[in-house]
file structure01.tsv (TSV, C-alpha atoms)
chain	number	residue	atom	x	y	z
A	1297	MET	CA	62.15	103.60	50.18
A	1298	THR	CA	62.53	104.56	53.88
A	1299	SER	CA	65.81	102.63	53.90
A	1300	ILE	CA	67.48	105.67	52.33
A	1301	LEU	CA	67.04	107.45	55.67
A	1302	PHE	CA	69.08	104.83	57.47
A	1303	GLN	CA	72.10	104.74	55.19
A	1304	ALA	CA	75.35	106.28	56.45
A	1305	VAL	CA	75.95	109.89	55.39
A	1306	LYS	CA	79.50	111.19	54.91
A	1307	LEU	CA	79.46	114.93	55.57
A	1308	ASN	CA	83.21	115.39	55.17
A	1309	ASP	CA	86.51	113.56	55.62
A	1310	THR	CA	86.21	113.58	59.41
A	1311	LEU	CA	82.48	113.10	60.04
A	1312	THR	CA	80.25	110.25	58.88
A	1313	LEU	CA	76.78	109.86	60.38
A	1314	GLN	CA	75.01	106.54	60.90
A	1315	ASN	CA	71.82	107.81	59.23
A	1316	ALA	CA	70.22	110.90	57.69
A	1317	ILE	CA	68.09	111.89	60.69
A	1318	VAL	CA	69.16	114.87	62.78
A	1319	MET	CA	67.70	115.66	66.18
A	1320	ALA	CA	66.69	119.31	65.87
A	1321	PRO	CA	67.70	121.73	68.64
A	1322	LEU	CA	64.87	121.73	71.18
A	1323	THR	CA	64.82	124.31	73.98
A	1324	ARG	CA	63.82	122.41	77.13
A	1325	CYS	CA	64.89	124.74	79.99
A	1326	PHE	CA	66.24	121.95	82.21
A	1327	ALA	CA	69.68	123.32	83.13
A	1328	ASP	CA	70.31	124.14	86.80
A	1329	SER	CA	70.28	127.62	88.36
A	1330	ASN	CA	73.83	128.26	87.10
A	1331	LEU	CA	72.80	127.15	83.60
A	1332	VAL	CA	74.85	123.98	83.95
A	1333	PRO	CA	73.64	120.81	82.17
A	1334	THR	CA	72.45	118.06	84.48
A	1335	GLN	CA	72.57	114.25	84.59
A	1336	LEU	CA	68.90	114.29	83.62
A	1337	MET	CA	69.89	116.03	80.37
A	1338	ALA	CA	72.69	113.53	79.75
A	1339	ASP	CA	70.18	110.67	80.05
A	1340	TYR	CA	67.74	112.49	77.75
A	1341	TYR	CA	70.26	112.95	74.94
A	1342	ALA	CA	71.74	109.45	75.33
A	1343	ARG	CA	68.32	107.90	74.71
A	1344	ARG	CA	68.31	109.56	71.27
A	1345	ALA	CA	71.94	108.83	70.34
A	1346	ASN	CA	70.99	106.52	67.47
A	1347	VAL	CA	69.98	109.44	65.25
A	1348	GLY	CA	72.64	110.47	62.76
A	1349	LEU	CA	73.40	113.71	64.59
A	1350	ILE	CA	72.06	115.39	67.71
A	1351	VAL	CA	72.07	119.19	67.71
A	1352	SER	CA	71.93	120.32	71.32
A	1353	GLU	CA	69.32	122.69	72.63
A	1354	ALA	CA	70.32	126.30	72.01
A	1355	THR	CA	73.22	127.08	74.34
A	1356	ILE	CA	74.07	130.64	75.31
A	1357	ILE	CA	77.56	132.01	74.71
A	1358	ASP	CA	77.32	134.86	77.23
A	1359	PRO	CA	75.10	135.68	80.24
A	1360	LEU	CA	73.59	138.68	78.44
A	1361	GLY	CA	72.41	136.35	75.68
A	1362	GLN	CA	69.84	134.61	77.90
A	1363	GLY	CA	66.21	134.92	76.87
A	1364	TYR	CA	64.56	131.94	78.55
A	1365	PRO	CA	64.77	130.37	82.02
A	1366	ASN	CA	67.25	127.57	82.77
A	1367	THR	CA	68.79	127.42	79.30
A	1368	PRO	CA	72.32	125.97	79.39
A	1369	GLY	CA	75.46	127.98	78.75
A	1370	ILE	CA	78.89	127.17	77.34
A	1371	TYR	CA	80.94	130.02	78.81
A	1372	SER	CA	81.88	128.76	82.31
A	1373	ARG	CA	84.07	125.90	83.54
A	1374	ALA	CA	81.12	124.32	85.34
A	1375	GLN	CA	79.04	124.43	82.16
A	1376	ILE	CA	81.83	122.80	80.15
A	1377	GLU	CA	82.06	120.04	82.77
A	1378	GLY	CA	78.28	119.64	82.76
A	1379	TRP	CA	78.27	119.22	78.99
A	1380	GLN	CA	81.09	116.68	79.25
A	1381	GLN	CA	78.76	114.25	80.98
A	1382	VAL	CA	76.22	114.81	78.18
A	1383	THR	CA	78.65	114.28	75.30
A	1384	LYS	CA	80.17	111.21	77.01
A	1385	ALA	CA	76.71	109.69	77.43
A	1386	VAL	CA	75.96	110.26	73.74
A	1387	HIS	CA	79.35	108.95	72.57
A	1388	ASP	CA	79.06	105.88	74.80
A	1389	LYS	CA	75.91	105.03	72.83
A	1390	GLY	CA	77.71	105.55	69.51
A	1391	GLY	CA	76.16	108.92	68.73
A	1392	LYS	CA	77.38	112.27	67.42
A	1393	ILE	CA	76.44	115.64	68.92
A	1394	PHE	CA	76.94	119.30	67.93
A	1395	CYS	CA	76.50	122.26	70.29
A	1396	GLN	CA	74.20	125.00	69.03
A	1397	LEU	CA	75.72	128.40	69.94
A	1398	TRP	CA	73.13	131.02	70.84
A	1399	HIS	CA	72.71	134.66	71.74
A	1400	CYS	CA	69.15	136.01	71.90
A	1401	GLY	CA	70.04	139.65	71.22
A	1402	ARG	CA	66.95	141.82	71.59
A	1403	VAL	CA	64.94	138.73	72.56
A	1404	ALA	CA	67.05	138.33	75.70
A	1405	HIS	CA	65.68	139.76	78.95
A	1406	SER	CA	67.09	141.92	81.73
A	1407	CYS	CA	65.44	139.75	84.43
A	1408	TYR	CA	68.28	137.24	84.15
A	1409	THR	CA	71.21	139.62	84.59
A	1410	GLY	CA	69.78	142.98	85.62
A	1411	GLU	CA	71.31	144.49	82.46
A	1412	GLN	CA	69.67	145.83	79.32
A	1413	PRO	CA	69.65	143.38	76.39
A	1414	LEU	CA	72.10	143.97	73.53
A	1415	ALA	CA	71.15	144.17	69.86
A	1416	PRO	CA	72.40	145.53	66.53
A	1417	SER	CA	70.10	148.53	67.04
A	1418	ALA	CA	67.63	149.82	69.62
A	1419	GLN	CA	64.67	148.12	67.96
A	1420	PRO	CA	62.50	146.23	70.48
A	1421	TRP	CA	60.47	143.09	69.92
A	1422	HIS	CA	56.89	142.99	71.20
A	1423	GLY	CA	54.97	140.39	73.14
A	1424	LYS	CA	55.75	138.21	76.13
A	1425	VAL	CA	58.74	136.02	76.98
A	1426	PRO	CA	57.79	132.31	76.69
A	1427	ARG	CA	57.91	130.09	79.79
A	1428	THR	CA	57.81	133.03	82.20
A	1429	ASP	CA	55.12	134.68	84.30
A	1430	ASP	CA	53.97	137.13	81.64
A	1431	LEU	CA	57.25	139.03	81.22
A	1432	ALA	CA	57.16	141.60	78.42
A	1433	TYR	CA	60.17	142.18	76.19
A	1434	VAL	CA	62.22	145.30	76.93
A	1435	MET	CA	64.06	147.88	74.84
A	1436	PRO	CA	67.53	146.63	73.84
A	1437	ARG	CA	70.68	148.73	73.75
A	1438	SER	CA	72.58	149.14	70.50
A	1439	LEU	CA	76.00	147.47	70.52
A	1440	SER	CA	79.04	149.63	69.88
A	1441	THR	CA	81.40	148.52	67.11
A	1442	LYS	CA	83.89	147.48	69.78
A	1443	GLU	CA	81.25	145.40	71.55
A	1444	VAL	CA	80.32	143.68	68.28
A	1445	LYS	CA	83.93	142.60	67.82
A	1446	LYS	CA	84.02	141.33	71.41
A	1447	LEU	CA	80.88	139.29	70.81
A	1448	ILE	CA	82.44	137.66	67.75
A	1449	LYS	CA	85.32	136.58	69.99
A	1450	LYS	CA	82.82	135.20	72.51
A	1451	TYR	CA	81.25	133.04	69.81
A	1452	ILE	CA	84.70	131.75	68.92
A	1453	LYS	CA	85.55	131.09	72.57
A	1454	ALA	CA	82.24	129.27	73.03
A	1455	ALA	CA	83.05	127.04	70.05
A	1456	SER	CA	86.43	126.18	71.57
A	1457	ASN	CA	84.69	125.49	74.89
A	1458	ALA	CA	82.28	123.15	73.09
A	1459	ILE	CA	85.14	121.10	71.71
A	1460	LYS	CA	86.64	120.95	75.24
A	1461	ALA	CA	83.25	119.72	76.40
A	1462	GLY	CA	83.47	116.82	73.95
A	1463	PHE	CA	81.12	118.01	71.21
A	1464	ASP	CA	81.84	116.78	67.68
A	1465	GLY	CA	81.27	120.28	66.30
A	1466	VAL	CA	79.10	123.38	66.63
A	1467	GLU	CA	76.06	124.80	64.94
A	1468	ILE	CA	75.90	128.60	64.98
A	1469	HIS	CA	72.34	129.74	65.70
A	1470	GLY	CA	71.73	132.32	63.00
A	1471	ALA	CA	67.98	131.71	62.77
A	1472	ASN	CA	64.64	132.46	64.43
A	1473	GLY	CA	65.08	136.19	64.93
A	1474	TYR	CA	67.95	135.94	67.43
A	1475	LEU	CA	71.12	138.04	67.39
A	1476	ILE	CA	72.73	136.97	64.11
A	1477	ASP	CA	69.37	137.07	62.32
A	1478	GLN	CA	68.89	140.59	63.72
A	1479	PHE	CA	72.15	141.72	62.09
A	1480	LEU	CA	71.03	140.34	58.72
A	1481	ARG	CA	67.75	142.25	58.47
A	1482	LYS	CA	66.90	145.84	57.67
A	1483	SER	CA	64.21	146.25	60.34
A	1484	THR	CA	66.55	145.25	63.17
A	1485	ASN	CA	69.87	146.52	61.83
A	1486	LYS	CA	69.91	150.32	61.57
A	1487	ARG	CA	73.67	150.59	62.07
A	1488	ASP	CA	75.93	152.94	60.13
A	1489	ASP	CA	79.26	151.23	60.93
A	1490	LYS	CA	80.91	148.32	59.11
A	1491	PHE	CA	78.28	145.91	60.49
A	1492	GLY	CA	75.23	147.69	59.07
A	1493	GLY	CA	73.79	149.46	56.06
A	1494	SER	CA	74.62	147.60	52.84
A	1495	ILE	CA	74.04	143.88	52.37
A	1496	ARG	CA	77.79	143.31	52.41
A	1497	LYS	CA	78.00	144.95	55.83
A	1498	ARG	CA	74.89	143.29	57.28
A	1499	ILE	CA	76.24	139.80	56.57
A	1500	LYS	CA	79.68	140.62	57.98
A	1501	PHE	CA	78.79	139.69	61.58
A	1502	ALA	CA	77.64	136.21	60.57
A	1503	LEU	CA	80.60	135.61	58.27
A	1504	GLN	CA	83.19	136.77	60.80
A	1505	ILE	CA	81.70	134.37	63.35
A	1506	VAL	CA	81.79	131.52	60.83
A	1507	ASP	CA	85.35	132.34	59.78
A	1508	GLY	CA	86.59	132.76	63.34
A	1509	ILE	CA	85.07	129.49	64.52
A	1510	ALA	CA	86.29	127.61	61.44
A	1511	ALA	CA	89.81	128.88	62.09
A	1512	ALA	CA	89.59	127.85	65.75
A	1513	ILE	CA	88.07	124.36	65.50
A	1514	GLY	CA	88.00	123.53	61.77
A	1515	ALA	CA	85.48	124.27	59.01
A	1516	GLU	CA	84.53	120.59	59.01
A	1517	LYS	CA	83.19	121.03	62.57
A	1518	THR	CA	81.39	124.33	61.86
A	1519	ALA	CA	77.75	124.64	60.79
A	1520	ILE	CA	75.07	127.34	60.81
A	1521	ARG	CA	71.28	127.48	61.07
A	1522	LEU	CA	69.38	130.11	59.07
A	1523	SER	CA	65.76	131.26	58.61
A	1524	PRO	CA	65.48	133.23	55.35
A	1525	GLN	CA	61.69	133.12	55.67
A	1526	ALA	CA	61.54	135.53	58.68
A	1527	TYR	CA	58.86	133.63	60.55
A	1528	VAL	CA	59.48	134.38	64.25
A	1529	HIS	CA	60.75	137.25	66.46
A	1530	LEU	CA	61.04	139.65	63.51
A	1531	GLU	CA	59.28	140.93	60.43
A	1532	TYR	CA	60.25	140.80	56.77
A	1533	SER	CA	61.53	143.94	55.06
A	1534	LYS	CA	61.77	144.21	51.28
A	1535	GLY	CA	65.21	143.14	50.17
A	1536	ASP	CA	66.04	140.94	53.19
A	1537	GLU	CA	66.13	137.91	50.90
A	1538	LYS	CA	69.05	139.48	49.01
A	1539	ALA	CA	71.14	139.39	52.16
A	1540	TYR	CA	70.43	135.68	52.49
A	1541	LYS	CA	71.33	135.02	48.86
A	1542	LYS	CA	74.63	136.82	49.38
A	1543	LEU	CA	75.30	135.04	52.68
A	1544	LEU	CA	74.59	131.59	51.23
A	1545	LYS	CA	76.82	132.26	48.24
A	1546	GLN	CA	79.61	133.34	50.57
A	1547	LEU	CA	79.13	130.21	52.68
A	1548	ASN	CA	79.61	128.13	49.52
A	1549	LYS	CA	83.22	129.32	49.49
A	1550	ARG	CA	83.91	128.22	53.07
A	1551	ASN	CA	83.42	124.45	52.94
A	1552	ILE	CA	81.65	124.30	56.32
A	1553	CYS	CA	79.94	121.16	57.60
A	1554	TYR	CA	76.35	122.11	56.72
A	1555	VAL	CA	73.63	124.75	56.61
A	1556	HIS	CA	70.45	123.98	58.59
A	1557	LEU	CA	67.01	125.48	57.97
A	1558	GLY	CA	65.38	126.93	61.07
A	1559	ALA	CA	61.63	126.36	60.74
A	1560	PHE	CA	58.66	124.97	62.65
A	1561	SER	CA	57.01	124.12	59.33
A	1562	ASP	CA	58.43	123.79	55.83
A	1563	HIS	CA	55.02	123.47	54.23
A	1564	TYR	CA	54.62	127.06	53.05
A	1565	GLU	CA	55.85	129.02	50.05
A	1566	PHE	CA	57.00	132.62	50.43
A	1567	LYS	CA	56.40	135.19	47.72
A	1568	TYR	CA	59.45	137.23	48.75
A	1569	LEU	CA	61.68	134.15	48.43
A	1570	GLY	CA	60.52	133.64	44.85
A	1571	ASN	CA	57.32	131.69	45.58
A	1572	VAL	CA	59.23	128.73	47.00
A	1573	LYS	CA	59.61	127.06	50.38
A	1574	ALA	CA	62.44	128.20	52.62
A	1575	SER	CA	64.17	124.84	52.14
A	1576	GLU	CA	64.02	125.27	48.36
A	1577	PHE	CA	65.45	128.77	48.66
A	1578	ILE	CA	68.46	127.52	50.63
A	1579	ARG	CA	68.96	124.53	48.33
A	1580	LYS	CA	68.98	126.84	45.32
A	1581	TYR	CA	71.76	129.09	46.60
A	1582	TYR	CA	73.75	126.80	48.88
A	1583	LYS	CA	75.55	123.85	47.29
A	1584	GLY	CA	77.03	122.16	50.37
A	1585	ASN	CA	75.44	119.78	52.87
A	1586	PHE	CA	71.92	120.93	53.68
A	1587	VAL	CA	69.74	119.94	56.65
A	1588	THR	CA	66.06	120.66	56.14
A	1589	CYS	CA	63.59	120.96	59.03
A	1590	GLY	CA	59.98	121.80	59.76
A	1591	GLY	CA	57.19	119.31	60.36
A	1592	TYR	CA	58.71	116.38	58.50
A	1593	THR	CA	57.40	112.85	58.89
A	1594	VAL	CA	59.21	109.62	58.02
A	1595	GLU	CA	57.46	109.70	54.67
A	1596	SER	CA	58.22	113.32	53.79
A	1597	ALA	CA	61.79	112.96	55.05
A	1598	THR	CA	62.25	109.96	52.77
A	1599	ASP	CA	60.89	111.96	49.83
A	1600	SER	CA	63.20	114.89	50.61
A	1601	ILE	CA	66.34	112.74	50.75
A	1602	SER	CA	65.46	110.50	47.80
A	1603	HIS	CA	64.75	113.51	45.56
A	1604	LYS	CA	67.90	115.30	46.78
A	1605	LYS	CA	65.96	118.22	48.23
A	1606	ALA	CA	68.21	117.90	51.28
A	1607	ASP	CA	71.06	115.74	52.54
A	1608	LEU	CA	69.70	115.35	56.07
A	1609	VAL	CA	66.33	115.92	57.74
A	1610	ALA	CA	65.98	117.34	61.24
A	1611	ILE	CA	63.18	115.99	63.42
A	1612	GLY	CA	62.03	117.93	66.48
A	1613	ARG	CA	58.82	117.33	68.39
A	1614	PRO	CA	58.39	113.68	67.31
A	1615	LEU	CA	61.77	112.98	68.96
A	1616	ILE	CA	60.50	114.49	72.21
A	1617	ALA	CA	57.53	112.14	72.09
A	1618	ASN	CA	59.48	109.14	70.76
A	1619	PRO	CA	62.99	108.61	72.15
A	1620	ASP	CA	62.95	105.41	70.08
A	1621	PHE	CA	62.07	107.31	66.88
A	1622	ILE	CA	64.68	105.51	64.74
A	1623	LYS	CA	63.56	102.06	65.87
A	1624	LYS	CA	59.92	102.89	65.17
A	1625	ALA	CA	60.73	104.47	61.81
A	1626	LYS	CA	62.69	101.39	60.71
A	1627	SER	CA	59.89	99.03	61.69
A	1628	ASN	CA	57.10	101.34	60.48
A	1629	SER	CA	55.62	101.30	63.98
A	1630	GLU	CA	53.08	103.83	65.18
A	1631	MET	CA	54.59	106.96	66.73
A	1632	VAL	CA	53.41	108.57	69.95
A	1633	GLU	CA	51.83	111.89	69.09
A	1634	TYR	CA	53.55	114.96	70.53
A	1635	ASP	CA	51.71	116.90	73.22
A	1636	MET	CA	52.80	120.24	74.70
A	1637	LYS	CA	52.58	118.73	78.18
A	1638	MET	CA	55.68	116.71	77.25
A	1639	LEU	CA	57.78	119.88	77.46
A	1640	THR	CA	57.74	119.67	81.24
A	1641	ASP	CA	59.38	116.21	81.31
A	1642	LEU	CA	62.71	114.92	80.04
A	1643	VAL	CA	61.88	111.41	78.84
call {"tool": "encode", "arguments": {"input": "structure01.tsv", "output": "C-alpha cells"}}
result
Amino acid sequence: MTSILFQAVKLNDTLTLQNAIVMAPLTRCFADSNLVPTQLMADYYARRANVGLIVSEATIIDPLGQGYPNTPGIYSRAQIEGWQQVTKAVHDKGGKIFCQLWHCGRVAHSCYTGEQPLAPSAQPWHGKVPRTDDLAYVMPRSLSTKEVKKLIKKYIKAASNAIKAGFDGVEIHGANGYLIDQFLRKSTNKRDDKFGGSIRKRIKFALQIVDGIAAAIGAEKTAIRLSPQAYVHLEYSKGDEKAYKKLLKQLNKRNICYVHLGAFSDHYEFKYLGNVKASEFIRKYYKGNFVTCGGYTVESATDSISHKKADLVAIGRPLIANPDFIKKAKSNSEMVEYDMKMLTDLV
C-alpha cells in the first residue's frame, strides 16, 4: 500500500510532483546576519530534493515581519541571490521547491529592527520569543488602512522575488497565529475599516494577497497554509470557524495550487470545528488540492492518501532526522528518531 505515496501527483497543468510527500516548512534559523540564505542551507535542501515538493522554511517579506533570529528574507537583492543557490541545488537534484512567504505580525519583535511590531490591532501575545535569551513579546501597533494595502503589495513583491530566485511557486503563510491568521480572528482583529469587523472583511486581507500573487505569478504557482484549529500564538473566539469556512469556499473559486494545513499534530478533534480534525474540516470545505500535516508516519500518510483524506502529506521533523526519508520509506527501513538537539545542525 505504501507505493501510493511514491506515485507521481499532477497538481495542475504546469506542476507534477514525483511523489506525494511534501517537506513541511521548518524554521531552522541558519540564514546569515543579513538574513541571506547560505551554502549550508543549499546543501541541506538538496539532500531532501527527492520528496515531491519542498516548502522552504518561513521566509519574511519585510524586515518588520521578523520574529525569530537568522530567519531568511525574500525582500533584498542579496537574499534573492542567496535563494538562487538553494533553488539551483534542489533543481539539480530533480526536486521542486516553493517559498513560504511570512510576516509574524504581533509575534514579531522590536529587537530586530528597533521598531514596534505591526498587527491588525493592538492586541499583544504573551510569553517568550523562542530561540532567544528570554525575550518577552511586546505590544504591537495597529496598522493603518494605508499600511495594510502596502503590506499586500509587499507580499506580491515577495512572490515575484521568489520566482526570480528560482522557486517553482510560493506558499502564503496564513497559519500558526502569524499576521494573516491575526486578520482572520476576532480576538486579534478589532478593526473597524474594510479589513475588520464582519467575516467578509476579516478574510479580505488573505484573499487580496492570494489574488494579487496569483495575478503576478499565476494561480497555479500560488498556495496557502491555514490553521483553522487555532492552536498556537492565538486563542479561539466563538465564530472564528465561520471565517475559515467562508475563506475556504472563496479559495475554491480561485483554482490555486493547494491549501496546506498548519499543524504540529493532526490527531485531535475540535468541538468548535464540528468535532472533527482540522484536516477533515479543510477537506470538507475546500475541494482543490489539499496537503495535510501534523505528526504523520509512513503508515498514516499512506492511509490518508489511499482514503482520499488528502492529496499530499507534509512531513516535518522526521525529514530533519532523516534526509534519506524517501529511500527509507520505500524500503521500509528504520527511521532515525527526531531529537530537539538536531535543530542546531543542518544535516
call {"tool": "residues_around", "arguments": {"input": "structure01.tsv", "residues": "A:Lys1486", "least_positions_apart": "6", "cutoff": "12 Å", "atoms": "all atoms listed in the file", "output": "JSON, numbers by chain"}}
result
{"A": [1415, 1416, 1417, 1418, 1419, 1438, 1439, 1478, 1479, 1480, 1492, 1493, 1494, 1495, 1497, 1498]}
call {"tool": "residues_near_point", "arguments": {"input": "structure01.tsv", "point": "(78.0, 117.7, 67.8)", "cutoff": "12 Å", "atoms": "all atoms listed in the file", "output": "mmCIF file with C-alpha atoms, in the coordinates of the input"}}
result
data_model
loop_
_atom_site.group_PDB
_atom_site.id
_atom_site.type_symbol
_atom_site.label_atom_id
_atom_site.label_comp_id
_atom_site.auth_asym_id
_atom_site.auth_seq_id
_atom_site.Cartn_x
_atom_site.Cartn_y
_atom_site.Cartn_z
ATOM 1 C CA LEU A 1311 82.480 113.100 60.040
ATOM 2 C CA THR A 1312 80.250 110.250 58.880
ATOM 3 C CA LEU A 1313 76.780 109.860 60.380
ATOM 4 C CA VAL A 1318 69.160 114.870 62.780
ATOM 5 C CA MET A 1319 67.700 115.660 66.180
ATOM 6 C CA ALA A 1320 66.690 119.310 65.870
ATOM 7 C CA PRO A 1321 67.700 121.730 68.640
ATOM 8 C CA TYR A 1341 70.260 112.950 74.940
ATOM 9 C CA ALA A 1345 71.940 108.830 70.340
ATOM 10 C CA VAL A 1347 69.980 109.440 65.250
ATOM 11 C CA GLY A 1348 72.640 110.470 62.760
ATOM 12 C CA LEU A 1349 73.400 113.710 64.590
ATOM 13 C CA ILE A 1350 72.060 115.390 67.710
ATOM 14 C CA VAL A 1351 72.070 119.190 67.710
ATOM 15 C CA SER A 1352 71.930 120.320 71.320
ATOM 16 C CA GLU A 1353 69.320 122.690 72.630
ATOM 17 C CA TRP A 1379 78.270 119.220 78.990
ATOM 18 C CA GLN A 1380 81.090 116.680 79.250
ATOM 19 C CA VAL A 1382 76.220 114.810 78.180
ATOM 20 C CA THR A 1383 78.650 114.280 75.300
ATOM 21 C CA LYS A 1384 80.170 111.210 77.010
ATOM 22 C CA VAL A 1386 75.960 110.260 73.740
ATOM 23 C CA HIS A 1387 79.350 108.950 72.570
ATOM 24 C CA GLY A 1391 76.160 108.920 68.730
ATOM 25 C CA LYS A 1392 77.380 112.270 67.420
ATOM 26 C CA ILE A 1393 76.440 115.640 68.920
ATOM 27 C CA PHE A 1394 76.940 119.300 67.930
ATOM 28 C CA CYS A 1395 76.500 122.260 70.290
ATOM 29 C CA GLN A 1396 74.200 125.000 69.030
ATOM 30 C CA LEU A 1397 75.720 128.400 69.940
ATOM 31 C CA ALA A 1455 83.050 127.040 70.050
ATOM 32 C CA ALA A 1458 82.280 123.150 73.090
ATOM 33 C CA ILE A 1459 85.140 121.100 71.710
ATOM 34 C CA LYS A 1460 86.640 120.950 75.240
ATOM 35 C CA ALA A 1461 83.250 119.720 76.400
ATOM 36 C CA GLY A 1462 83.470 116.820 73.950
ATOM 37 C CA PHE A 1463 81.120 118.010 71.210
ATOM 38 C CA ASP A 1464 81.840 116.780 67.680
ATOM 39 C CA GLY A 1465 81.270 120.280 66.300
ATOM 40 C CA VAL A 1466 79.100 123.380 66.630
ATOM 41 C CA GLU A 1467 76.060 124.800 64.940
ATOM 42 C CA ILE A 1468 75.900 128.600 64.980
ATOM 43 C CA GLU A 1516 84.530 120.590 59.010
ATOM 44 C CA LYS A 1517 83.190 121.030 62.570
ATOM 45 C CA THR A 1518 81.390 124.330 61.860
ATOM 46 C CA ALA A 1519 77.750 124.640 60.790
ATOM 47 C CA CYS A 1553 79.940 121.160 57.600
#
call {"tool": "closest_residue", "arguments": {"input": "structure01.tsv", "among": "A:Arg1343, A:Lys1624, A:Arg1550, A:Lys1637", "to": "A:Val1594", "atoms": "all atoms listed in the file"}}
result
A:Lys1624
call {"tool": "closest_residue", "arguments": {"input": "structure01.tsv", "among": "A:Thr1355, A:Gln1335, A:Leu1639, A:Arg1579", "to": "A:Lys1541", "atoms": "only C-alpha atoms"}}
result
A:Arg1579
call {"tool": "atom_distance", "arguments": {"input": "structure01.tsv", "atom1": "atom CA of A:Phe1302", "atom2": "atom CA of A:Val1506"}}
result
29.8 Å
call {"tool": "residues_around", "arguments": {"input": "structure01.tsv", "residues": "A:His1422", "least_positions_apart": "2", "cutoff": "9 Å", "atoms": "all atoms listed in the file", "output": "list in words"}}
result
Pro1420, Lys1424, Ala1432, Tyr1433, Val1434 and His1529 of chain A
call {"tool": "write_last_selection", "arguments": {"input": "structure01.tsv", "atoms": "C-alpha atoms", "output": "JSON list (two decimals), in the frame of the given file"}}
result
[["chain", "number", "residue", "atom", "x", "y", "z"],
["A", 1420, "PRO", "CA", 62.50, 146.23, 70.48],
["A", 1424, "LYS", "CA", 55.75, 138.21, 76.13],
["A", 1432, "ALA", "CA", 57.16, 141.60, 78.42],
["A", 1433, "TYR", "CA", 60.17, 142.18, 76.19],
["A", 1434, "VAL", "CA", 62.22, 145.30, 76.93],
["A", 1529, "HIS", "CA", 60.75, 137.25, 66.46]]
call {"tool": "closest_residue", "arguments": {"input": "structure01.tsv", "among": "A:Leu1530, A:Asp1489, A:Leu1522, A:Ile1622", "to": "A:Tyr1582", "atoms": "all atoms listed in the file"}}
result
A:Leu1522
call {"tool": "closest_residue", "arguments": {"input": "structure01.tsv", "among": "A:Asn1472, A:Glu1537, A:Lys1450, A:Lys1549", "to": "A:Ile1505", "atoms": "all atoms listed in the file"}}
result
A:Lys1450
call {"tool": "closest_residue", "arguments": {"input": "structure01.tsv", "among": "A:Phe1586, A:Ala1342, A:Arg1402, A:Val1425", "to": "A:Asp1388", "atoms": "only C-alpha atoms"}}
result
A:Ala1342
call {"tool": "atom_distance", "arguments": {"input": "structure01.tsv", "atom1": "atom CA of A:Pro1333", "atom2": "atom CA of A:Gly1378"}}
result
4.8 Å
call {"tool": "atom_distance", "arguments": {"input": "structure01.tsv", "atom1": "atom CA of A:Leu1543", "atom2": "atom CA of A:Leu1503"}}
result
7.7 Å
call {"tool": "residues_around", "arguments": {"input": "structure01.tsv", "residues": "stretch 1607-1610 of chain A", "least_positions_apart": "5", "cutoff": "12 Å", "atoms": "only C-alpha atoms", "output": "MDAnalysis selection string"}}
result
chainID A and resid 1300:1307 1313:1322 1347:1351 1521 1553:1562 1575 1579 1582:1602 1615
call {"tool": "build_atoms", "arguments": {"input": "structure01.tsv", "residues": "stretch 1610-1623 of chain A", "atoms": "N, CA and C atoms", "output": "mmCIF file, in the coordinates of the input"}}
result
data_model
loop_
_atom_site.group_PDB
_atom_site.id
_atom_site.type_symbol
_atom_site.label_atom_id
_atom_site.label_comp_id
_atom_site.auth_asym_id
_atom_site.auth_seq_id
_atom_site.Cartn_x
_atom_site.Cartn_y
_atom_site.Cartn_z
ATOM 1 N N ALA A 1610 66.054 117.160 59.791
ATOM 2 C CA ALA A 1610 65.980 117.340 61.240
ATOM 3 C C ALA A 1610 64.558 117.089 61.725
ATOM 4 N N ILE A 1611 64.454 116.324 62.800
ATOM 5 C CA ILE A 1611 63.180 115.990 63.420
ATOM 6 C C ILE A 1611 63.170 116.582 64.820
ATOM 7 N N GLY A 1612 62.088 117.273 65.183
ATOM 8 C CA GLY A 1612 62.030 117.930 66.480
ATOM 9 C C GLY A 1612 61.031 117.280 67.429
ATOM 10 N N ARG A 1613 59.815 117.772 67.407
ATOM 11 C CA ARG A 1613 58.820 117.330 68.390
ATOM 12 C C ARG A 1613 58.572 115.825 68.398
ATOM 13 N N PRO A 1614 58.560 115.143 67.249
ATOM 14 C CA PRO A 1614 58.390 113.680 67.310
ATOM 15 C C PRO A 1614 59.491 112.976 68.107
ATOM 16 N N LEU A 1615 60.685 113.579 68.166
ATOM 17 C CA LEU A 1615 61.770 112.980 68.960
ATOM 18 C C LEU A 1615 61.609 113.256 70.444
ATOM 19 N N ILE A 1616 60.861 114.289 70.796
ATOM 20 C CA ILE A 1616 60.500 114.490 72.210
ATOM 21 C C ILE A 1616 59.534 113.385 72.629
ATOM 22 N N ALA A 1617 58.566 113.127 71.773
ATOM 23 C CA ALA A 1617 57.530 112.140 72.090
ATOM 24 C C ALA A 1617 58.014 110.707 71.940
ATOM 25 N N ASN A 1618 59.025 110.500 71.073
ATOM 26 C CA ASN A 1618 59.480 109.140 70.760
ATOM 27 C C ASN A 1618 60.998 109.050 70.851
ATOM 28 N N PRO A 1619 61.534 108.793 72.036
ATOM 29 C CA PRO A 1619 62.990 108.610 72.150
ATOM 30 C C PRO A 1619 63.497 107.494 71.247
ATOM 31 N N ASP A 1620 62.614 106.540 70.948
ATOM 32 C CA ASP A 1620 62.950 105.410 70.080
ATOM 33 C C ASP A 1620 62.499 105.663 68.641
ATOM 34 N N PHE A 1621 62.564 106.906 68.212
ATOM 35 C CA PHE A 1621 62.070 107.310 66.880
ATOM 36 C C PHE A 1621 62.688 106.459 65.772
ATOM 37 N N ILE A 1622 64.001 106.258 65.802
ATOM 38 C CA ILE A 1622 64.680 105.510 64.740
ATOM 39 C C ILE A 1622 64.169 104.077 64.673
ATOM 40 N N LYS A 1623 64.053 103.431 65.826
ATOM 41 C CA LYS A 1623 63.560 102.060 65.870
ATOM 42 C C LYS A 1623 62.154 101.964 65.294
#
